[in-house]
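Below is one structure; the comments refer to it alone.
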Amino acid sequence: MGKKILYLDHAATSWPKPPEVIRAVTQYMREAGGNPGRSSHRLSALAADMLYTCRELAGELFDAAPERVVFTAGATHGLNIAINGFLYPGDHVLIDSMAHNAVYRPVYRLAASGVVSFDIFDTGETEAEYLASLEASLRPETRMVICTHASNICGRIAPLEAAGRFCRDHGLLLVVDGAQSAGHIPLSIRHHHITALSVPGHKGLLGPQGCGMLIFGDDAPVCMPLAVGGSGSHSLDPEMPLDLPEHLEAGTLPMPAIAGLSAGLTLVLRETPEKRGTEYDRLGRYFADECRRIPGLRLFGCTSGSVISFVQEGILPSATAEALDTLGICVRSGYHCAPLAHRTIGSQDTGTVRVSFGYGNTAKDVVRFLEALDSLRRITG
Amino acid sequence: MDCIIAMRSQTYAAKGGRLLQKAGIPYKIVGIDPSLTRHGCAHGLQIPVLRCGEARVVLEKHHLAYGDVLGGG
């Protein structure tokens, strides 16, 4: 304790938050604080204006119409809405071999209830392998493909543009899990032919925990709500209003988190996802290259991105993470809620230690982390 | 005197408001009394009545659907 914290767990959540995000949250709570769309007084109107501004910023970042930006509790919530809201009995779904439990579990649950069937397609190593695997997994009743844009355990990135074209050409819905890519990799709803993109607000978009977004393409079909309730309009109707975003936004929205997310989105738009992602990937590659020199350290999966998984020979990942924590270094160990992905990269027996770079990290952090790993190796060695 | 253009939702009212702002038309987003609508609570754009026609043109130009025009349109 007492050591300066080195935070390398950005795939779980970004930390520290940029000062402007913290300012926006507190400013909202001090000066606005009304419930948007519910009342007509000035505080409600101010909140409503801030809410729409956030939709506009997200629309700009992800190339979508602001009114098709639906606020959710997070990426998992958004994926649950899309999976449960788009699929009908008899539909077949394809999920990829890097899928997080936020995709696997809701699909598995629908399949276990006999509503849909699903298959897991291998992402392969190349775009050609990815597409061949998709093609081979198609059935006449296939209706949806769910794409893990960026893995949460290694640097693997799906060929989204090709997947989008494939889905468009085959008349399939494309749902994208953008939990790890939003804010780090350019994403365009229109260009990538995405039906629905689910993103968290608190990872690469640098907002507070508690809100995410499900963003719909212009041609997305009607998505049935997962939750129904008050919407601030059409209150005499027993059903939710049909128009997005209110159709899927029952109840009060987490406005303090949304205010912070607006500040995060502004920062991301200014710095651009491409530039930010390139920098974090560079740190990841540097780290992975140096790791190859450390005896007994095994890397797993693709090592070209900002998320790196490894195991130290003879040491459980949890023990490595615990030892690093005593040195003030925050990483994650275990299965990272992605059993399919661990099976794919061959780390299913133990899980891994995961290092993920993001906002605020520099090459100096990599050096400090490598020194810590080296000292642990000498202690345990 | 003002008119109120009923919008499909609070979000569409905000979208319409942005368009009016760009066109230099003053507006305020207001709740519409439920007794004046068929569906209960609703939102609208309150505009000086003399500019109501102009506002409708702006909304229509951007294919933004709206409902009843209350009080002047």
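By convention in this document, the chains of the structure tokens carry letters A, B, ... by their order, each chain's residues are numbered from 1, and ligands are numbered from 1 in the order they are shown.
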ask   = Got a sec to tell me which of chain B DSSP assigns to alpha helix (DSSP H), as a ChimeraX atom specification?
value = /B:10-22,52-61
All residues 10 Å or closer to stretch 40-47 of chain A, only C-alpha atoms, same chain fewer than 2 positions away omitted, as an mmCIF file with N, CA and C atoms, in the first residue's frame:
```cif
data_model
loop_
_atom_site.group_PDB
_atom_site.id
_atom_site.type_symbol
_atom_site.label_atom_id
_atom_site.label_comp_id
_atom_site.auth_asym_id
_atom_site.auth_seq_id
_atom_site.Cartn_x
_atom_site.Cartn_y
_atom_site.Cartn_z
ATOM 1 N N TYR A 28 -23.476 18.499 -13.171
ATOM 2 C CA TYR A 28 -24.858 18.099 -13.434
ATOM 3 C C TYR A 28 -25.637 17.969 -12.122
ATOM 4 N N GLU A 31 -26.103 21.567 -10.603
ATOM 5 C CA GLU A 31 -26.794 22.649 -11.308
ATOM 6 C C GLU A 31 -27.985 22.215 -12.164
ATOM 7 N N ALA A 32 -28.042 20.942 -12.518
ATOM 8 C CA ALA A 32 -29.182 20.498 -13.329
ATOM 9 C C ALA A 32 -30.019 19.568 -12.453
ATOM 10 N N GLY A 33 -29.903 18.277 -12.665
ATOM 11 C CA GLY A 33 -30.500 17.339 -11.718
ATOM 12 C C GLY A 33 -31.959 17.025 -11.940
ATOM 13 N N GLY A 34 -32.616 17.646 -12.914
ATOM 14 C CA GLY A 34 -34.013 17.309 -13.187
ATOM 15 C C GLY A 34 -34.123 15.997 -13.940
ATOM 16 N N ASN A 35 -35.351 15.518 -14.047
ATOM 17 C CA ASN A 35 -35.597 14.263 -14.762
ATOM 18 C C ASN A 35 -36.019 14.598 -16.188
ATOM 19 N N PRO A 36 -35.188 14.269 -17.182
ATOM 20 C CA PRO A 36 -35.488 14.710 -18.556
ATOM 21 C C PRO A 36 -36.772 14.081 -19.088
ATOM 22 N N GLY A 37 -37.550 14.909 -19.756
ATOM 23 C CA GLY A 37 -38.746 14.400 -20.427
ATOM 24 C C GLY A 37 -39.909 14.120 -19.508
ATOM 25 N N ARG A 38 -39.761 14.421 -18.235
ATOM 26 C CA ARG A 38 -40.851 14.103 -17.314
ATOM 27 C C ARG A 38 -41.629 15.353 -16.912
ATOM 28 N N ASP A 49 -32.007 18.715 -22.457
ATOM 29 C CA ASP A 49 -31.072 19.264 -23.438
ATOM 30 C C ASP A 49 -29.714 18.550 -23.340
ATOM 31 N N MET A 50 -29.266 18.307 -22.122
ATOM 32 C CA MET A 50 -27.991 17.602 -21.937
ATOM 33 C C MET A 50 -28.084 16.168 -22.451
ATOM 34 N N LEU A 51 -29.241 15.571 -22.246
ATOM 35 C CA LEU A 51 -29.467 14.197 -22.718
ATOM 36 C C LEU A 51 -29.361 14.131 -24.239
ATOM 37 N N TYR A 52 -30.013 15.080 -24.892
ATOM 38 C CA TYR A 52 -29.983 15.066 -26.358
ATOM 39 C C TYR A 52 -28.569 15.375 -26.874
ATOM 40 N N THR A 53 -27.866 16.237 -26.167
ATOM 41 C CA THR A 53 -26.483 16.533 -26.561
ATOM 42 C C THR A 53 -25.647 15.257 -26.541
ATOM 43 N N MET A 255 -28.822 10.093 -15.358
ATOM 44 C CA MET A 255 -28.328 11.368 -15.910
ATOM 45 C C MET A 255 -26.935 11.794 -15.445
ATOM 46 N N PRO A 256 -26.569 11.592 -14.167
ATOM 47 C CA PRO A 256 -25.194 11.972 -13.813
ATOM 48 C C PRO A 256 -24.157 11.215 -14.656
ATOM 49 N N ILE A 258 -24.677 9.991 -17.633
ATOM 50 C CA ILE A 258 -24.796 10.463 -19.019
ATOM 51 C C ILE A 258 -24.082 11.810 -19.186
ATOM 52 N N ALA A 259 -24.177 12.655 -18.178
ATOM 53 C CA ALA A 259 -23.459 13.936 -18.240
ATOM 54 C C ALA A 259 -21.953 13.689 -18.321
ATOM 55 N N GLN B 10 -40.055 13.524 -26.783
ATOM 56 C CA GLN B 10 -39.150 14.542 -26.247
ATOM 57 C C GLN B 10 -37.876 14.617 -27.091
ATOM 58 N N ALA B 14 -36.393 17.740 -29.170
ATOM 59 C CA ALA B 14 -35.019 18.260 -29.078
ATOM 60 C C ALA B 14 -34.381 18.355 -30.459
ATOM 61 N N LYS B 28 -39.058 26.965 -27.574
ATOM 62 C CA LYS B 28 -38.907 26.389 -26.239
ATOM 63 C C LYS B 28 -39.595 25.031 -26.277
ATOM 64 N N ILE B 29 -38.936 24.032 -25.693
ATOM 65 C CA ILE B 29 -39.572 22.710 -25.619
ATOM 66 C C ILE B 29 -40.502 22.712 -24.413
ATOM 67 N N VAL B 30 -41.740 22.365 -24.656
ATOM 68 C CA VAL B 30 -42.732 22.397 -23.577
ATOM 69 C C VAL B 30 -43.497 21.077 -23.512
ATOM 70 N N GLY B 31 -43.996 20.775 -22.328
ATOM 71 C CA GLY B 31 -44.909 19.658 -22.198
ATOM 72 C C GLY B 31 -46.278 20.103 -22.674
ATOM 73 N N ILE B 32 -46.995 19.227 -23.346
ATOM 74 C CA ILE B 32 -48.339 19.585 -23.823
ATOM 75 C C ILE B 32 -49.354 18.990 -22.866
ATOM 76 N N HIS B 43 -44.719 16.180 -25.885
ATOM 77 C CA HIS B 43 -43.829 17.338 -25.914
ATOM 78 C C HIS B 43 -43.996 18.091 -27.229
#
```
request  = Give the residues of chain A that lie within 8 Å of chain B; count only C-alpha atoms, and format the answer as JSON, numbers by chain.
outcome  = {"A": [37, 39, 40, 45, 48, 49, 52, 67, 232, 233, 234, 235, 236, 237, 243, 245, 246]}
Residue contacts of A:Trp15 (9 Å, only C-alpha atoms) excluding same-chain residues fewer than 3 positions away, as a compact mmCIF listing (two decimals) with N, CA and C atoms, in the first residue's frame:
```
# COMPACT_ATOMS: atom_id res chain seq x y z
N TYR A 7 -2.50 1.52 -13.03
CA TYR A 7 -3.77 0.89 -13.42
C TYR A 7 -3.65 0.32 -14.83
N LEU A 8 -3.75 -0.99 -14.93
CA LEU A 8 -3.66 -1.66 -16.24
C LEU A 8 -4.85 -2.61 -16.41
N ASP A 9 -6.02 -2.11 -16.08
CA ASP A 9 -7.23 -2.94 -16.17
C ASP A 9 -8.33 -2.19 -16.93
N HIS A 10 -7.92 -1.52 -18.00
CA HIS A 10 -8.86 -0.69 -18.76
C HIS A 10 -9.92 -1.51 -19.48
N PRO A 18 -10.99 11.12 -16.71
CA PRO A 18 -10.48 12.46 -17.03
C PRO A 18 -11.16 13.51 -16.13
N HIS A 202 -18.33 3.36 -19.78
CA HIS A 202 -17.27 3.54 -18.78
C HIS A 202 -15.91 2.96 -19.18
N LYS A 203 -15.81 2.38 -20.37
CA LYS A 203 -14.50 1.83 -20.76
C LYS A 203 -13.79 2.84 -21.68
N LEU A 206 -14.76 6.52 -21.52
CA LEU A 206 -14.24 7.26 -20.36
C LEU A 206 -15.30 7.85 -19.43
N GLY A 358 -4.85 1.79 -21.53
CA GLY A 358 -5.86 2.77 -21.90
C GLY A 358 -5.48 4.16 -21.47
N TYR A 359 -6.50 4.97 -21.28
CA TYR A 359 -6.34 6.40 -20.98
C TYR A 359 -5.29 6.64 -19.87
N GLY A 360 -4.31 7.44 -20.17
CA GLY A 360 -3.33 7.84 -19.17
C GLY A 360 -2.08 6.97 -19.14
```
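The gap separating atom CA of B:Pro26 from atom CA of B:Ile47 is 6.3 Å, in Å to one decimal.
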message = Among chain B, which ones does DSSP assign to strand (DSSP E) (computed from the backbone)? Answer as a ChimeraX atom specification.
response = /B:2-7,28-32,42-48,66-70
query = Taking into account only C-alpha atoms, which residue in the set A:Gln27, A:Glu371, A:Thr380, A:Val366 is nearest to A:Leu316?
reply =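 Under the stated criterion, the closest residue is A:Thr380.
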